[in-house]
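Below is the file query-v4.pdb, which contains PDB, C-alpha atoms.
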```
MODEL        1
ATOM      1  CA  MET A   5      -3.772   5.374  14.321  1.00  0.00           C
ATOM      2  CA  ARG A   6      -1.123   4.749  11.686  1.00  0.00           C
ATOM      3  CA  VAL A   7      -2.586   3.554   8.373  1.00  0.00           C
ATOM      4  CA  TYR A   8      -0.851   2.623   5.152  1.00  0.00           C
ATOM      5  CA  VAL A   9      -2.471   3.949   1.975  1.00  0.00           C
ATOM      6  CA  PRO A  10      -1.551   2.197  -1.290  1.00  0.00           C
ATOM      7  CA  LEU A  11      -0.907   4.472  -4.269  1.00  0.00           C
ATOM      8  CA  THR A  12       1.033   4.724  -7.510  1.00  0.00           C
ATOM      9  CA  LEU A  13       3.505   7.477  -8.391  1.00  0.00           C
ATOM     10  CA  PRO A  14       0.782   9.366 -10.344  1.00  0.00           C
ATOM     11  CA  GLY A  15      -1.493   8.999  -7.307  1.00  0.00           C
ATOM     12  CA  LEU A  16       1.255  10.354  -5.063  1.00  0.00           C
ATOM     13  CA  ALA A  17       1.769  13.287  -7.446  1.00  0.00           C
ATOM     14  CA  GLU A  18      -1.944  14.055  -7.335  1.00  0.00           C
ATOM     15  CA  ALA A  19      -2.092  13.870  -3.536  1.00  0.00           C
ATOM     16  CA  HIS A  20       1.024  16.014  -3.212  1.00  0.00           C
ATOM     17  CA  GLY A  21      -0.387  18.600  -5.622  1.00  0.00           C
ATOM     18  CA  LYS A  22      -3.752  18.771  -3.835  1.00  0.00           C
ATOM     19  CA  GLY A  23      -2.207  18.562  -0.398  1.00  0.00           C
ATOM     20  CA  GLU A  24      -4.475  15.682   0.573  1.00  0.00           C
ATOM     21  CA  LEU A  25      -5.285  12.030   0.060  1.00  0.00           C
ATOM     22  CA  GLY A  26      -8.850  11.628  -1.116  1.00  0.00           C
ATOM     23  CA  PRO A  27     -11.510  12.894  -1.535  1.00  0.00           C
ATOM     24  CA  GLY A  28     -13.854  10.298  -0.177  1.00  0.00           C
ATOM     25  CA  THR A  29     -13.150   7.074   1.623  1.00  0.00           C
ATOM     26  CA  LEU A  30      -9.643   5.647   1.330  1.00  0.00           C
ATOM     27  CA  ASP A  31      -8.738   1.973   1.222  1.00  0.00           C
ATOM     28  CA  ALA A  32      -5.811   1.383   3.543  1.00  0.00           C
ATOM     29  CA  TYR A  33      -4.169  -1.138   5.860  1.00  0.00           C
ATOM     30  CA  ALA A  34      -3.481  -0.936   9.577  1.00  0.00           C
ATOM     31  CA  VAL A  35      -2.759  -2.992  12.640  1.00  0.00           C
ATOM     32  CA  THR A  36      -6.231  -4.345  13.376  1.00  0.00           C
ATOM     33  CA  PRO A  37      -7.260  -6.794  16.112  1.00  0.00           C
ATOM     34  CA  ALA A  38      -7.577  -9.585  13.517  1.00  0.00           C
ATOM     35  CA  LEU A  39      -4.118  -8.838  12.113  1.00  0.00           C
ATOM     36  CA  ARG A  40      -2.704  -8.805  15.639  1.00  0.00           C
ATOM     37  CA  GLU A  41      -4.263 -12.223  16.282  1.00  0.00           C
ATOM     38  CA  TRP A  42      -2.898 -13.610  13.011  1.00  0.00           C
ATOM     39  CA  VAL A  43       0.656 -12.231  13.201  1.00  0.00           C
ATOM     40  CA  SER A  44       1.905 -11.556  16.745  1.00  0.00           C
ATOM     41  CA  ASP A  45       2.004  -8.907  19.432  1.00  0.00           C
ATOM     42  CA  ASP A  46       5.264  -7.399  18.126  1.00  0.00           C
ATOM     43  CA  ILE A  47       4.254  -3.921  16.931  1.00  0.00           C
ATOM     44  CA  GLU A  48       7.133  -3.620  14.456  1.00  0.00           C
ATOM     45  CA  GLU A  49       6.218  -6.933  12.848  1.00  0.00           C
ATOM     46  CA  LEU A  50       2.565  -5.933  12.754  1.00  0.00           C
ATOM     47  CA  GLU A  51       3.302  -2.578  11.121  1.00  0.00           C
ATOM     48  CA  TYR A  52       5.630  -4.265   8.613  1.00  0.00           C
ATOM     49  CA  THR A  53       2.842  -6.719   7.753  1.00  0.00           C
ATOM     50  CA  ALA A  54       0.307  -3.899   7.284  1.00  0.00           C
ATOM     51  CA  LEU A  55       2.830  -2.068   5.078  1.00  0.00           C
ATOM     52  CA  GLY A  56       3.346  -5.251   3.042  1.00  0.00           C
ATOM     53  CA  ARG A  57      -0.383  -5.649   2.505  1.00  0.00           C
ATOM     54  CA  ALA A  58      -0.573  -2.040   1.327  1.00  0.00           C
ATOM     55  CA  ALA A  59       2.320  -2.749  -1.076  1.00  0.00           C
ATOM     56  CA  GLN A  60       0.303  -5.667  -2.493  1.00  0.00           C
ATOM     57  CA  ALA A  61      -2.647  -3.321  -2.983  1.00  0.00           C
ATOM     58  CA  SER A  62      -0.353  -0.822  -4.695  1.00  0.00           C
ATOM     59  CA  LEU A  63       0.669  -3.604  -7.084  1.00  0.00           C
ATOM     60  CA  ARG A  64      -3.016  -4.105  -7.941  1.00  0.00           C
ATOM     61  CA  ARG A  65      -3.313  -0.390  -8.669  1.00  0.00           C
ATOM     62  CA  LEU A  66      -0.282  -0.641 -10.948  1.00  0.00           C
ATOM     63  CA  ALA A  67      -1.889  -3.529 -12.831  1.00  0.00           C
ATOM     64  CA  ALA A  68      -4.860  -1.248 -13.523  1.00  0.00           C
ATOM     65  CA  ARG A  69      -2.611   1.659 -14.587  1.00  0.00           C
ATOM     66  CA  PRO A  70      -0.253   0.480 -17.354  1.00  0.00           C
ATOM     67  CA  ASP A  71       0.883   4.095 -17.842  1.00  0.00           C
ATOM     68  CA  ALA A  72       2.222   4.387 -14.265  1.00  0.00           C
ATOM     69  CA  ALA A  73       5.881   3.847 -13.409  1.00  0.00           C
ATOM     70  CA  ARG A  74       6.319   0.302 -12.131  1.00  0.00           C
ATOM     71  CA  ARG A  75       7.097   1.217  -8.539  1.00  0.00           C
ATOM     72  CA  ARG A  76       4.823   0.444  -5.600  1.00  0.00           C
ATOM     73  CA  VAL A  77       3.985   3.415  -3.373  1.00  0.00           C
ATOM     74  CA  VAL A  78       2.556   3.435   0.150  1.00  0.00           C
ATOM     75  CA  VAL A  79       1.919   6.546   2.226  1.00  0.00           C
ATOM     76  CA  ALA A  80       1.927   6.095   6.008  1.00  0.00           C
ATOM     77  CA  VAL A  81      -0.478   8.553   7.618  1.00  0.00           C
ATOM     78  CA  ASP A  82      -1.650   9.140  11.152  1.00  0.00           C
ATOM     79  CA  VAL A  83      -5.397   9.587  11.483  1.00  0.00           C
ATOM     80  CA  PRO A  84      -7.809   9.647  14.421  1.00  0.00           C
ATOM     81  CA  ASP A  85      -9.078   6.198  15.413  1.00  0.00           C
ATOM     82  CA  ALA A  86     -12.638   7.414  14.795  1.00  0.00           C
ATOM     83  CA  ALA A  87     -11.797   7.945  11.100  1.00  0.00           C
ATOM     84  CA  VAL A  88     -10.907   4.254  10.632  1.00  0.00           C
ATOM     85  CA  ALA A  89     -13.238   1.271  10.235  1.00  0.00           C
ATOM     86  CA  ALA A  90     -12.517  -2.333   9.317  1.00  0.00           C
ATOM     87  CA  ALA A  91     -13.106  -2.960   5.625  1.00  0.00           C
ATOM     88  CA  SER A  92     -15.978  -5.215   4.673  1.00  0.00           C
ATOM     89  CA  GLY A  93     -14.895  -8.820   5.222  1.00  0.00           C
ATOM     90  CA  GLY A  94     -11.561  -7.666   6.652  1.00  0.00           C
ATOM     91  CA  GLU A  95     -11.980  -9.517   9.931  1.00  0.00           C
ATOM     92  CA  GLN A  96     -13.115 -12.827   8.390  1.00  0.00           C
ATOM     93  CA  ASP A  97     -11.153 -13.132   5.140  1.00  0.00           C
ATOM     94  CA  PRO A  98      -7.466 -14.011   5.766  1.00  0.00           C
ATOM     95  CA  ALA A  99      -6.530 -12.278   2.499  1.00  0.00           C
ATOM     96  CA  ALA A 100      -8.065  -9.037   3.768  1.00  0.00           C
ATOM     97  CA  LEU A 101      -6.591  -8.975   7.278  1.00  0.00           C
ATOM     98  CA  GLY A 102      -5.594  -5.446   8.175  1.00  0.00           C
ATOM     99  CA  ALA A 103      -7.790  -3.859   5.503  1.00  0.00           C
ATOM    100  CA  VAL A 104      -9.485  -0.691   6.716  1.00  0.00           C
ATOM    101  CA  ARG A 105     -11.467   2.217   5.324  1.00  0.00           C
ATOM    102  CA  VAL A 106     -10.493   5.771   6.215  1.00  0.00           C
ATOM    103  CA  THR A 107     -12.938   8.623   5.908  1.00  0.00           C
ATOM    104  CA  GLY A 108     -11.196  11.142   3.713  1.00  0.00           C
ATOM    105  CA  PRO A 109      -9.837  13.437   2.717  1.00  0.00           C
ATOM    106  CA  VAL A 110      -6.652  13.140   4.765  1.00  0.00           C
ATOM    107  CA  PRO A 111      -4.288  16.132   4.655  1.00  0.00           C
ATOM    108  CA  MET A 112      -0.795  15.240   3.448  1.00  0.00           C
ATOM    109  CA  LYS A 113       0.525  17.034   6.528  1.00  0.00           C
ATOM    110  CA  LYS A 114      -0.703  13.955   8.436  1.00  0.00           C
ATOM    111  CA  ALA A 115       1.704  11.782   6.416  1.00  0.00           C
ATOM    112  CA  ALA A 116       4.536  10.334   8.470  1.00  0.00           C
ATOM    113  CA  ALA A 117       6.479   8.796   5.573  1.00  0.00           C
ATOM    114  CA  VAL A 118       6.338   7.533   2.026  1.00  0.00           C
ATOM    115  CA  HIS A 119       7.502   4.035   1.070  1.00  0.00           C
ATOM    116  CA  VAL A 120       8.513   3.487  -2.563  1.00  0.00           C
ATOM    117  CA  ASP A 121      10.273   0.781  -4.544  1.00  0.00           C
ATOM    118  CA  ALA A 122      13.831   1.522  -5.611  1.00  0.00           C
ATOM    119  CA  SER A 123      14.388   1.791  -9.344  1.00  0.00           C
ATOM    120  CA  ASP A 124      16.080  -1.633  -9.364  1.00  0.00           C
ATOM    121  CA  ALA A 125      12.721  -3.206  -8.404  1.00  0.00           C
ATOM    122  CA  GLU A 126      10.907  -1.897 -11.483  1.00  0.00           C
ATOM    123  CA  GLU A 127      11.501  -4.999 -13.625  1.00  0.00           C
ATOM    124  CA  ALA A 128      10.201  -7.379 -10.930  1.00  0.00           C
ATOM    125  CA  VAL A 129       7.263  -5.094 -10.110  1.00  0.00           C
ATOM    126  CA  ALA A 130       6.361  -4.755 -13.812  1.00  0.00           C
ATOM    127  CA  ALA A 131       6.434  -8.536 -14.245  1.00  0.00           C
ATOM    128  CA  ALA A 132       4.324  -8.988 -11.099  1.00  0.00           C
ATOM    129  CA  ALA A 133       1.737  -6.439 -12.268  1.00  0.00           C
ATOM    130  CA  ASP A 134       1.529  -8.184 -15.641  1.00  0.00           C
ATOM    131  CA  ALA A 135       1.133 -11.600 -13.979  1.00  0.00           C
ATOM    132  CA  LEU A 136      -1.445 -10.566 -11.404  1.00  0.00           C
ATOM    133  CA  ALA A 137      -4.560 -11.651 -13.325  1.00  0.00           C
ATOM    134  CA  ALA A 138      -3.110 -15.083 -14.049  1.00  0.00           C
ATOM    135  CA  ALA A 139      -1.983 -15.411 -10.418  1.00  0.00           C
ATOM    136  CA  ASP A 140      -5.497 -14.602  -9.259  1.00  0.00           C
ATOM    137  CA  GLY A 141      -6.652 -17.441 -11.496  1.00  0.00           C
ATOM    138  CA  GLY A 142      -4.331 -19.865  -9.707  1.00  0.00           C
ATOM    139  CA  ASP A 143      -1.457 -20.042 -12.215  1.00  0.00           C
ATOM    140  CA  GLU A 144       1.522 -21.245 -10.139  1.00  0.00           C
ATOM    141  CA  ALA A 145       4.187 -19.614 -12.338  1.00  0.00           C
ATOM    142  CA  ALA A 146       2.315 -16.314 -12.209  1.00  0.00           C
ATOM    143  CA  LEU A 147       2.027 -16.604  -8.412  1.00  0.00           C
ATOM    144  CA  ARG A 148       5.808 -16.991  -8.182  1.00  0.00           C
ATOM    145  CA  THR A 149       6.247 -13.932 -10.394  1.00  0.00           C
ATOM    146  CA  VAL A 150       3.914 -11.872  -8.201  1.00  0.00           C
ATOM    147  CA  ASP A 151       5.733 -13.095  -5.093  1.00  0.00           C
ATOM    148  CA  GLY A 152       8.993 -11.938  -6.724  1.00  0.00           C
ATOM    149  CA  ALA A 153       7.983  -8.323  -6.216  1.00  0.00           C
ATOM    150  CA  GLU A 154       7.935  -8.975  -2.466  1.00  0.00           C
ATOM    151  CA  ASP A 155      11.655  -9.773  -2.615  1.00  0.00           C
ATOM    152  CA  HIS A 156      12.145  -6.003  -2.921  1.00  0.00           C
ATOM    153  CA  ASP A 157      11.621  -3.984   0.239  1.00  0.00           C
ATOM    154  CA  LEU A 158      10.094  -0.558  -0.092  1.00  0.00           C
ATOM    155  CA  MET A 159      12.448   2.285   0.737  1.00  0.00           C
ATOM    156  CA  TRP A 160      11.514   4.875   3.364  1.00  0.00           C
ATOM    157  CA  PHE A 161      11.313   8.563   2.431  1.00  0.00           C
ATOM    158  CA  GLY A 162      10.419  11.591   4.494  1.00  0.00           C
ATOM    159  CA  VAL A 163       7.432  13.601   3.307  1.00  0.00           C
ATOM    160  CA  GLN A 164       9.737  16.483   2.414  1.00  0.00           C
ATOM    161  CA  GLU A 165      11.368  14.164  -0.159  1.00  0.00           C
ATOM    162  CA  ILE A 166       8.180  13.707  -2.219  1.00  0.00           C
ATOM    163  CA  PRO A 167       9.127  16.351  -4.835  1.00  0.00           C
ATOM    164  CA  GLY A 168      12.394  14.478  -5.492  1.00  0.00           C
ATOM    165  CA  LEU A 169      10.513  11.190  -5.896  1.00  0.00           C
ATOM    166  CA  LEU A 170       8.201  12.776  -8.431  1.00  0.00           C
ATOM    167  CA  GLY A 171      10.824  14.719 -10.342  1.00  0.00           C
TER     168      GLY A 171
ENDMDL
END
```
Show how you would write the structure in this file as structure tokens.
Amino acid sequence: MRVYVPLTLPGLAEAHGKGELGPGTLDAYAVTPALREWVSDDIEELEYTALGRAAQASLRRLAARPDAARRRVVVAVDVPDAAVAAASGGEQDPAALGAVRVTGPVPMKKAAAVHVDASDAEEAVAAAADALAAADGGDEAALRTVDGAEDHDLMWFGVQEIPGLLG
């Protein structure tokens, strides 16, 4: 099963250095039955939606790490179906559709790709990370700011390109 693991650039550097994502259980996003019911049966659209949800989770990680570069990071990894379980509340809460838990660690050699914001997204992503708490509180202007980060698509990188992303 393909899952999308939200990270930050420091998190990617750590995983690359250790050669694995983890240890322990990983929060991730995937095409789940509930997501399929909510979105469509088009696999590309479903995977794009799961990737987008992981990008939102990466933004939350950035909000908690003011020292991290303001670029969302998602690692797409292929794991056995048995290693994936729906996250608590993931099937009932529309905001958590596609959320899964992956038993870790997951070797980086299982990574299919890395998705990262381009440098021109950093200003919008920084503003969104700063506005996240207010957006969670219902502030309409902050919600628009957070949504502004979604105007920037994540770029696709091969796993072999990770050292260049970190350097």
Would you mind listing what lies within 7 Å of stretch 18-29 of chain A as an MDAnalysis selection string, with only C-alpha atoms counted and same-chain residues fewer than 3 positions away left out?
chainID A and resid 14:15 105:112
Write out as an NGL selection string each polymer residue whose atoms come within 8 Å of A:Asp121, counting all atoms listed in the file; drop sequence neighbours fewer than 5 positions from it.
:A and (75-77 or 126 or 156-159)
Emit the selected residues as a short mmCIF file (atom, residue, chain, number, x, y, z; two decimals), in the coordinates of the input, including C-alpha atoms.
```cif
data_model
loop_
_atom_site.label_atom_id
_atom_site.label_comp_id
_atom_site.auth_asym_id
_atom_site.auth_seq_id
_atom_site.Cartn_x
_atom_site.Cartn_y
_atom_site.Cartn_z
CA ARG A 75 7.10 1.22 -8.54
CA ARG A 76 4.82 0.44 -5.60
CA VAL A 77 3.98 3.42 -3.37
CA GLU A 126 10.91 -1.90 -11.48
CA HIS A 156 12.14 -6.00 -2.92
CA ASP A 157 11.62 -3.98 0.24
CA LEU A 158 10.09 -0.56 -0.09
CA MET A 159 12.45 2.28 0.74
#
```
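Nearest residue to A:Ala103, choosing from A:Ala128, A:Ala91, A:Ala59, A:Leu147 and counting all atoms listed in the file: A:Ala91.
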As a check of understanding, name the residues that the PyMOL selection byres ((chain A and resi 89) around 6) selects in the supplied structure, as a list in words.
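Matching residues under the PyMOL selection byres ((chain A and resi 89) around 6) are Val88, Ala90, Val104 and Arg105 of chain A.
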Applied to the shown file, which residues does the PyMOL selection byres ((chain A and resi 58) around 12) return, written as a ChimeraX atom specification?
/A:7-12,30-35,51-57,59-65,76-80,99-104,118-120,154,158
Pairwise distance for atom CA of A:Ala86 and atom CA of A:Arg6, rounded to one decimal in Å:
12.2 Å
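Distances to A:Leu170 were evaluated for A:Asp143, A:Glu127, A:Ala73, A:Ala132 using all atoms listed in the file, and the minimum falls at A:Ala73.
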Which is closest to A:Pro70 among A:Glu49, A:Pro84, A:Asp134, A:Ala17, if we use all atoms listed in the file?
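The closest residue to A:Pro70 is A:Asp134.
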